[in-house]
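Note sheet for the following structure.
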Amino acid sequence: MEDSCSMPAGAVACIVERQDSILTAGESRARIHCADDSLAGSVSQRACVFCGARVVLNPVTDAVHLVHGPIGCATYTMDIRGSLSSGSELYRNSFSTDMQEKDVIFGGEKKLALCIDEVAEKYHPPAVFVYATCVSGMIGDDIIAVCKQASIRHGIEVIPVESSGFISGNKVVGYRAAAEALLRLIRPKEGETIEKTKKINFLGEYNLGGEKWLVERYLREMGIEINVAFTGDSTVAALKRAPSAYLNLVQCTGSMHWVATSLERSFGTPYMDVNFFGPENTAESLRKIAAFYADETISQRAELLIEREMARIRPELEKYRSKLRGKRAAIYVGGAYKAIAIIRQLRGLGMKIVLSGTQTGKQDEYESMGRMLSEGTIIIDDANPAELEKFLLEKKVDVMVGGVKERVLAYKLGIGFVDHNHDRKDGLAGFDGAIRFAREVYVTTCSPVWQQIRDPAFREVHS
Amino acid sequence: MTDAQAAPVPSDLPRSRQVSENQCHMCMPIGAVAVFKGIENAMVLVHGSQGCSTYMRLANVEHYNEPVDIASSSLNEKQTIYGGEANLRKAMDNVIRVYQPAVLGILTTCLSETMGEDLERIVSSYVREKGISGIDIIPINTPSYSGTQSEGFWAATRGVIAYYARPTQPHKRINVIVPHISPADIREIKRILDCAGVSYTLIPDYSMTLDRPYEGRYLKIPPGGTSVKDIAEMAGAPVTLQFGTTCPEILSPGLFLEEKFGVPLINLPLPIGLKNTDLFVESVEHISGQPLQDAFALERGWLLDGMADSHKFNAEGRPVIYGEPELVYAFSMLCAENGAAPAVIASGTKNSLVAKCLSSLIDTTDEPPVILEGADIAAIEEAALNAGSNIAVGHSGGKSLTERHGIPLVRVGFPIHDRMGGQRILSAGYRGTLAFLDRFTNTLLETKYATYRQKIKEEYYNTGGI
């Protein structure tokens with residue numbers, strides 16, 4: 001069976017049509033084929049539009065998240081993220097209209113309206129997000145109309161999320177649906193003016209493992225307040241104050257660039273890209289933010305903070321670097337911004353990147369990724385297990401960074417693994433996160449387990 | 001499918017509300033996936049949007065800690081409007097190319113069912129036009145708006161048997177049909193059969209495909225699973241043992257074999273619990289004609305000894321038991337026979353005979369349990385609180401029972417995504433029953449020993465007494 005995949009070394013796909021989605025850095029000037037629908041039957045690691053919308057909106061803590069469709073969509077995304085809340089836990093519930101055959105035949109609008117009524121009466125949420133799924137989209141339920149009526153009925157926001165899964169296999173399309181929903185939520189009422197403040201919005205930050213809170217500490221120390229994060233530990237009321245911000249920070253570019261440009265258009269709020277993964281990225285981002293305020297005190301505080309934190313973490317990072325130097329790493333994650341940050345962090349630990357890929361990267365992002373990587377590194381878009389296995393073995397990878405589905409694959413091959421997914425429990429951002437990340441890379445790459453399970457003496461006995 | 005609705009047991013808490021709040025069940029295709037993972041050299045392809053297969057992979061990977069590859073026809077907007085045949089054909093091409101399966105299960109989803117895709121026709125024209133030979137492509141309908149993973153599991157098992165079974169020379173191999181249980185439980189059932197010296201065809205057998213020893217390799221299709229040749233000969237078996245007392249007749253694989261080929265069906269509860277395991281062993285004894293008392297005397301004796309040792313602790317348990325009907329029934333009987341009278345018994349599906357099966361339990365207990373069918377976790381939580389449950393038995397979906405209400409959870413069933421080793425949880429046979437019982441008792445003890453000093457102090461000292 002393996003023979004079907006044992007092609008000559010180099011970037012060769014198992015399926016011919018996948019060939020253009022795999023490049024070798026330095027060898028080829030070709031453009032990578034990306035940002036397209038997944039190839040049928042290729043066993044893509046991607047999810048769907050609904051998934052994209054759900055992960056972006058789900059951290060809104062005091063909203064009800066109601067999935068309009070048959071049960072699967074809701075059950076597989078129940079409490080799916082490691083986003084933390086300082087207040088309401090309502091967002092952790094998974095509500096579904098649980099469409100039955102009769103709803104599919106006769107339409108699900110009536111049931112949807114009843115479900116909204118039930119959750120509104122039971123929980124009195126300030127907002128209900130109603131997610132469209134394949135089936136509700138396919139049968140043409142008018143969720144916009146149902147939401148509008150329900151909103152009037154209950155005097156709360158009932159926001160349709162147009163996330164029918166079949167629109168595309170690409171999560172990015174779902175990010176856009178979520179962005180539309182957020183913009184709808186924060187649109188000021190007619191005649192309402194929102195006073196500008198000096199606070200900032202933090203877009204594309206989901207408070208996994210308290211990451212938003214950590215960055216908030218840094219900013220507070222510099223004298224800057226966060227208005228609201230999109231959407232980690234956010235509330236409906238706080239999101240509605242988004243137009244008052246002085247500046248929008250954009251972290252997860254895949255999910256939030258579009259929101260940032262819309263906010264700039266509508267409210268004149270400028271935005272900048274930031275990234276808090278890795279100590280250098282964190283320091284650069286803090287400096288950029290300080291520079292934007294053009295306030296000497298803020299810049300001075302930022303420098304003090306950076307100096308203090310760098311001095312604190314440097315010896316510890318050095319300890320891990322000495323153990324990890326020269327180890328070979330593979331990266332396969334959802335978005336390119338994350339991949340690029342991880343490349344930098346692993347490099348900082350003295351490691352060599354031999355494979356880097358994403359589910360949803362775009363052309364320009366792959367180009368900047370390619371510029372960072374050394375010759376011979378495999379760059380891959382929308383990979384499948386067969387391809388990942390092939391390159392993990394060929395490139396003699398010591399550790400992989402990825403999501404849940406990649407984890408078991410790595411372990412089966414006796415390769416270390418770092419969880420960098422949407423349901424992780426530990427914060428990896430900021431200076432503290434940099435140490436946590438380095439430690440995780442170290443404990444898995446250098447675990448005593450690998451030596452034991454690879455011990456040939458054992459194999460001889462048992463084979 | 002209306003047998004369950006006709007069941008005599010009234011429910012204290014019918015889910016009259018429309019909204020489902022935290023789901024107790026999954027969708028039909030994921031049950032069918034497990035079945036195809038238990039067929040030798042099989043791969044499975046889901047005809048729907050990309051998300052369906054990825055979610056099912058995720059749920060399986062987290063539970064089994066094994067790569068569980070599921071292909072998708074990755075339908076997008078255009079195909080949804082104009083038909084998904086071209087995508088499905090391309091998907092079959094690619095799966096066959098990369099995985100080289102001998103069996104390819106094709107499952108529908110809500111989307112392809114709503115589109116009205118004619119799977120039988122698409123597959124047969126594909127096979128004809130491409131001149132496919134040596135690969136059996138088996139379409140199964142699994143629209144998740146018609147059932148849960150339990151129905152999907154039975155439908156696929158029945159579908160696979162119906163695809164292969166042909167009138168055949170009578171032989172001595174018995175049929176054994178298992179529901180959605182852990183690989184460890186399947187292995188235990190096989191061990192008992194092996195000890196008894198009977199030969200058998202067990203289906204679906206994912207005991208080695210979804211729980212593999214470390215071998216330093218990722219196998220696209222791991223070895224193991226029920227062989228197609230054996231399935232074809234199931235029609236000639238002397239008898240079928242099916243652990244499917246809650247399985248509705250219309251989905252029953254064993255009933256299919258009985259009605260179509262005259263193979264007598266013995267429908268048994270899962271061998272989880274003393275009496276249920278006795279039933280299994282007695283049936284095997286009866287079939288083989290060999291006395292088995294001695295073979296299992298030690299294991300059974302240890303279980304009896306364990307039951308005696310822990311009975312007073314277990315008597316303090318008021319369990320809420322939820323999940324797939326076949327498991328729920330078996331664990332309810334186990335708890336009851338150990339004096340831990342079930343307080344709430346719940347399943348996410350509406351299409352099962354679990355309520356009917358439980359009628360004897362209800363007649364014989366002082367405080368009859370609340371029985372919920374088609375339940376969600378919110379309804380289960382509410383019922384558990386009303387009934388004063390102090391321990392839960394079920395899958396990880398009910399973790400909120402612990403998080404929100406402090407009711408500890410003994411994890412069994414599918415999915416287990418917040419603890420390690422879902423694939424290894426053993427509850428079947430005398431050994432498995434004892435292993436479960438210890439987990440159950442110790443969970444009660446852990447709570448008791450962590451709280452009793454404070455509790456008694458609160459009650460008799462701090463409040464000042466009379």
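Within each chain, counting starts at residue 1; across the structure tokens, chains are named A, B, ... in the order shown, with ligands numbered 1 upward in that order.
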Exercise for the section: Would you list the contacts of range 225-240 of chain A as a count of residues only, taking every protein, DNA or RNA residue within 7 Å and counting only C-alpha atoms, but skipping same-chain residues closer than 2 positions in sequence? Expected result: 31
Exercise for the section: May I have the residues of chain B within 7 Å of chain A, counting only C-alpha atoms, written as a ChimeraX atom specification? Expected result: /B:18-23,26-27,49-51,54-55,58,61,65-67,69-77,87,90-92,94-95,98,110-111,114,144-146,214,216-218
Give me every helix (DSSP H, G or I) residue in range 288-416 of chain A, going by DSSP on the backbone, as a PDB file with C-alpha atoms, in the first residue's frame.
ATOM      1  CA  LYS A 288       4.388  49.498  16.893  1.00  0.00           C
ATOM      2  CA  ILE A 289       1.397  50.198  19.085  1.00  0.00           C
ATOM      3  CA  ALA A 290       3.380  52.636  21.233  1.00  0.00           C
ATOM      4  CA  ALA A 291       4.652  54.417  18.126  1.00  0.00           C
ATOM      5  CA  PHE A 292       1.116  54.859  16.878  1.00  0.00           C
ATOM      6  CA  TYR A 293       0.205  56.807  19.994  1.00  0.00           C
ATOM      7  CA  GLU A 296       6.949  59.482  24.684  1.00  0.00           C
ATOM      8  CA  THR A 297       5.715  58.095  28.017  1.00  0.00           C
ATOM      9  CA  ILE A 298       3.973  55.188  26.341  1.00  0.00           C
ATOM     10  CA  SER A 299       7.079  54.356  24.310  1.00  0.00           C
ATOM     11  CA  GLN A 300       9.292  54.525  27.385  1.00  0.00           C
ATOM     12  CA  ARG A 301       6.985  52.247  29.335  1.00  0.00           C
ATOM     13  CA  ALA A 302       6.932  49.824  26.417  1.00  0.00           C
ATOM     14  CA  GLU A 303      10.718  49.717  26.297  1.00  0.00           C
ATOM     15  CA  LEU A 304      10.960  49.138  30.033  1.00  0.00           C
ATOM     16  CA  LEU A 305       8.424  46.347  29.837  1.00  0.00           C
ATOM     17  CA  ILE A 306      10.141  44.694  26.889  1.00  0.00           C
ATOM     18  CA  GLU A 307      13.546  44.936  28.520  1.00  0.00           C
ATOM     19  CA  ARG A 308      12.296  43.516  31.807  1.00  0.00           C
ATOM     20  CA  GLU A 309      10.352  40.653  30.217  1.00  0.00           C
ATOM     21  CA  MET A 310      13.113  39.760  27.757  1.00  0.00           C
ATOM     22  CA  ALA A 311      15.629  39.657  30.576  1.00  0.00           C
ATOM     23  CA  ARG A 312      13.291  37.455  32.562  1.00  0.00           C
ATOM     24  CA  ILE A 313      12.622  34.897  29.832  1.00  0.00           C
ATOM     25  CA  ARG A 314      16.008  34.901  28.081  1.00  0.00           C
ATOM     26  CA  PRO A 315      17.804  32.463  30.389  1.00  0.00           C
ATOM     27  CA  GLU A 316      14.898  30.072  30.298  1.00  0.00           C
ATOM     28  CA  LEU A 317      14.592  30.192  26.518  1.00  0.00           C
ATOM     29  CA  GLU A 318      18.347  29.678  26.304  1.00  0.00           C
ATOM     30  CA  LYS A 319      17.994  26.522  28.348  1.00  0.00           C
ATOM     31  CA  TYR A 320      15.508  25.108  25.853  1.00  0.00           C
ATOM     32  CA  ARG A 321      17.486  26.366  22.871  1.00  0.00           C
ATOM     33  CA  SER A 322      20.523  24.390  23.966  1.00  0.00           C
ATOM     34  CA  LYS A 323      18.438  21.204  23.936  1.00  0.00           C
ATOM     35  CA  LEU A 324      16.602  21.915  20.703  1.00  0.00           C
ATOM     36  CA  ALA A 336      -0.671  31.551   7.409  1.00  0.00           C
ATOM     37  CA  TYR A 337      -0.232  34.239  10.057  1.00  0.00           C
ATOM     38  CA  LYS A 338       0.100  31.504  12.631  1.00  0.00           C
ATOM     39  CA  ALA A 339       2.511  29.468  10.484  1.00  0.00           C
ATOM     40  CA  ILE A 340       4.751  32.475   9.927  1.00  0.00           C
ATOM     41  CA  ALA A 341       4.862  33.267  13.641  1.00  0.00           C
ATOM     42  CA  ILE A 342       5.689  29.671  14.477  1.00  0.00           C
ATOM     43  CA  ILE A 343       8.489  29.544  11.893  1.00  0.00           C
ATOM     44  CA  ARG A 344      10.040  32.524  13.614  1.00  0.00           C
ATOM     45  CA  GLN A 345       9.647  31.051  17.080  1.00  0.00           C
ATOM     46  CA  LEU A 346      11.109  27.673  16.156  1.00  0.00           C
ATOM     47  CA  ARG A 347      14.011  29.386  14.424  1.00  0.00           C
ATOM     48  CA  GLY A 348      14.560  31.364  17.596  1.00  0.00           C
ATOM     49  CA  GLN A 363      -0.805  33.492  -2.426  1.00  0.00           C
ATOM     50  CA  ASP A 364       0.953  36.520  -0.934  1.00  0.00           C
ATOM     51  CA  GLU A 365       1.166  34.834   2.446  1.00  0.00           C
ATOM     52  CA  TYR A 366       2.815  31.774   0.919  1.00  0.00           C
ATOM     53  CA  GLU A 367       5.248  34.065  -0.861  1.00  0.00           C
ATOM     54  CA  SER A 368       6.342  35.738   2.339  1.00  0.00           C
ATOM     55  CA  MET A 369       6.521  32.325   3.990  1.00  0.00           C
ATOM     56  CA  GLY A 370       8.728  31.104   1.135  1.00  0.00           C
ATOM     57  CA  ARG A 371      11.107  34.016   1.613  1.00  0.00           C
ATOM     58  CA  MET A 372      11.577  33.057   5.256  1.00  0.00           C
ATOM     59  CA  PRO A 385      -2.573  12.602   5.767  1.00  0.00           C
ATOM     60  CA  ALA A 386      -0.838  10.682   2.981  1.00  0.00           C
ATOM     61  CA  GLU A 387       1.184  13.729   1.975  1.00  0.00           C
ATOM     62  CA  LEU A 388       1.953  14.745   5.539  1.00  0.00           C
ATOM     63  CA  GLU A 389       3.163  11.234   6.363  1.00  0.00           C
ATOM     64  CA  LYS A 390       5.364  11.160   3.285  1.00  0.00           C
ATOM     65  CA  PHE A 391       7.119  14.435   4.100  1.00  0.00           C
ATOM     66  CA  LEU A 392       7.347  13.794   7.844  1.00  0.00           C
ATOM     67  CA  LEU A 393       9.303  10.636   7.076  1.00  0.00           C
ATOM     68  CA  GLU A 394      11.281  11.922   4.131  1.00  0.00           C
ATOM     69  CA  VAL A 404      -5.708  17.467  16.618  1.00  0.00           C
ATOM     70  CA  LYS A 405      -5.859  15.386  13.433  1.00  0.00           C
ATOM     71  CA  GLU A 406      -2.135  15.842  12.815  1.00  0.00           C
ATOM     72  CA  ARG A 407      -1.314  14.907  16.409  1.00  0.00           C
ATOM     73  CA  VAL A 408      -2.167  11.217  16.140  1.00  0.00           C
ATOM     74  CA  LEU A 409      -0.397  10.972  12.815  1.00  0.00           C
ATOM     75  CA  ALA A 410       2.804  12.359  14.321  1.00  0.00           C
ATOM     76  CA  TYR A 411       2.585  10.054  17.338  1.00  0.00           C
ATOM     77  CA  LYS A 412       2.053   7.010  15.111  1.00  0.00           C
TER      78      LYS A 412
END
Practice task
Give the strand (DSSP E) residues of range 235-305 of chain A, as DSSP finds them on the backbone, and put them as a list in words.
Solution key: Leu247, Asn248, Leu249, Val250, Tyr271, Met272 and Asp273 of chain A
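Remark: for Leu270 in chain B, the closest of the candidate residues B:Ser310, B:Thr245, B:Gln290, B:Gln454 is B:Thr245 (distances computed over only C-alpha atoms).
Closest approach to Ala102 in chain B from the set B:Gln242, B:Ser133, B:Thr80, B:Ser389 is made by B:Ser133, with distances taken over only C-alpha atoms.
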Fill in the blank from the handout: Across B:Gly348, B:Gly134, B:Pro29, B:Gly432, the smallest distance to Glu324 in chain B, with only C-alpha atoms counted, is shown by B:Gly348
Handout entry: Shell of 10 Å around range 439-446 of chain B, only C-alpha atoms, local chain residues under 4 positions omitted, as a list of chain:residue names
Key =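 Counting only the stated atoms, we get B:Met307, B:Ser310, B:His311, B:Lys312, B:Phe313, B:Asn314, B:Ala315, B:Glu316, B:Gly317, B:Arg318, B:Pro319, B:Cys335, B:Ala340, B:Asn390, B:Ile391, B:Ala392, B:Val393, B:Ile407, B:Pro408, B:Leu409, B:Val410, B:Arg411, B:Thr433, B:Leu434, B:Ala435, B:Ala450, B:Thr451.
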Problem - Who sits within 12 Å of range 278-289 of chain B, only C-alpha atoms, same chain under 4 positions skipped, as a VMD selection string - result: chain B and resid 172 to 176 189 to 200 237 to 243 264 to 274 293 to 297 299 to 300 303 330 428 to 430 433
C-alpha atoms of the current selection, written as a PDB file, in the first residue's frame:
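File written: result_39.pdb
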ATOM      1  CA  LYS B 172     -20.424 -24.056  12.065  1.00  0.00           C
ATOM      2  CA  ARG B 173     -19.298 -20.450  12.388  1.00  0.00           C
ATOM      3  CA  ILE B 174     -21.795 -18.456  14.428  1.00  0.00           C
ATOM      4  CA  ASN B 175     -22.582 -14.829  13.680  1.00  0.00           C
ATOM      5  CA  VAL B 176     -21.823 -12.274  16.366  1.00  0.00           C
ATOM      6  CA  ILE B 189     -16.100 -10.606  23.713  1.00  0.00           C
ATOM      7  CA  LYS B 190     -13.772 -12.343  21.246  1.00  0.00           C
ATOM      8  CA  ARG B 191     -11.661 -13.684  24.079  1.00  0.00           C
ATOM      9  CA  ILE B 192     -14.710 -15.219  25.719  1.00  0.00           C
ATOM     10  CA  LEU B 193     -15.741 -16.808  22.417  1.00  0.00           C
ATOM     11  CA  ASP B 194     -12.216 -18.075  21.874  1.00  0.00           C
ATOM     12  CA  CYS B 195     -12.112 -19.535  25.385  1.00  0.00           C
ATOM     13  CA  ALA B 196     -15.354 -21.311  24.642  1.00  0.00           C
ATOM     14  CA  GLY B 197     -13.813 -22.739  21.504  1.00  0.00           C
ATOM     15  CA  VAL B 198     -16.575 -21.626  19.165  1.00  0.00           C
ATOM     16  CA  SER B 199     -15.727 -20.262  15.757  1.00  0.00           C
ATOM     17  CA  TYR B 200     -17.499 -17.095  14.760  1.00  0.00           C
ATOM     18  CA  ALA B 237     -24.326 -19.783  10.089  1.00  0.00           C
ATOM     19  CA  PRO B 238     -26.131 -21.953  12.639  1.00  0.00           C
ATOM     20  CA  VAL B 239     -27.184 -18.942  14.698  1.00  0.00           C
ATOM     21  CA  THR B 240     -26.743 -15.206  15.141  1.00  0.00           C
ATOM     22  CA  LEU B 241     -25.886 -13.703  18.521  1.00  0.00           C
ATOM     23  CA  GLN B 242     -26.685 -10.037  18.356  1.00  0.00           C
ATOM     24  CA  PHE B 243     -26.047  -7.621  21.190  1.00  0.00           C
ATOM     25  CA  PRO B 264     -32.066 -18.059  14.004  1.00  0.00           C
ATOM     26  CA  LEU B 265     -31.496 -14.868  15.958  1.00  0.00           C
ATOM     27  CA  ILE B 266     -30.621 -14.710  19.628  1.00  0.00           C
ATOM     28  CA  ASN B 267     -30.860 -11.092  20.622  1.00  0.00           C
ATOM     29  CA  LEU B 268     -28.922 -10.441  23.820  1.00  0.00           C
ATOM     30  CA  PRO B 269     -28.073  -7.433  25.929  1.00  0.00           C
ATOM     31  CA  LEU B 270     -24.408  -6.483  25.890  1.00  0.00           C
ATOM     32  CA  PRO B 271     -22.395  -8.705  28.235  1.00  0.00           C
ATOM     33  CA  ILE B 272     -21.905  -5.852  30.689  1.00  0.00           C
ATOM     34  CA  GLY B 273     -22.992  -6.714  34.223  1.00  0.00           C
ATOM     35  CA  LEU B 274     -23.167 -10.112  35.927  1.00  0.00           C
ATOM     36  CA  GLN B 293     -18.651 -22.926  34.044  1.00  0.00           C
ATOM     37  CA  ASP B 294     -15.108 -23.973  34.816  1.00  0.00           C
ATOM     38  CA  ALA B 295     -13.549 -21.824  32.118  1.00  0.00           C
ATOM     39  CA  PHE B 296     -14.967 -18.658  33.611  1.00  0.00           C
ATOM     40  CA  ALA B 297     -15.245 -19.733  37.239  1.00  0.00           C
ATOM     41  CA  GLU B 299     -13.364 -14.481  36.534  1.00  0.00           C
ATOM     42  CA  ARG B 300     -16.958 -14.819  37.641  1.00  0.00           C
ATOM     43  CA  LEU B 303     -16.619 -10.395  40.099  1.00  0.00           C
ATOM     44  CA  ALA B 330     -26.552  -2.703  29.908  1.00  0.00           C
ATOM     45  CA  ALA B 428     -17.585  -6.222  28.882  1.00  0.00           C
ATOM     46  CA  GLY B 429     -17.432  -9.733  30.294  1.00  0.00           C
ATOM     47  CA  TYR B 430     -16.874 -10.609  33.937  1.00  0.00           C
ATOM     48  CA  THR B 433     -17.771  -5.609  34.556  1.00  0.00           C
TER      49      THR B 433
END
Exercise for the section: Just give me the gap between CA of Ala434 in chain A and CA of Val418 in chain A in Å, one decimal is fine. Expected result: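 Spanning CA of Ala434 in chain A to CA of Val418 in chain A is a straight-line distance of 13.0 Å.
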Practice task
Have a look at CA of Ser374 in chain A and CA of Gly357 in chain A and let me know their distance in Å, one decimal.
Solution key: 14.3 Å
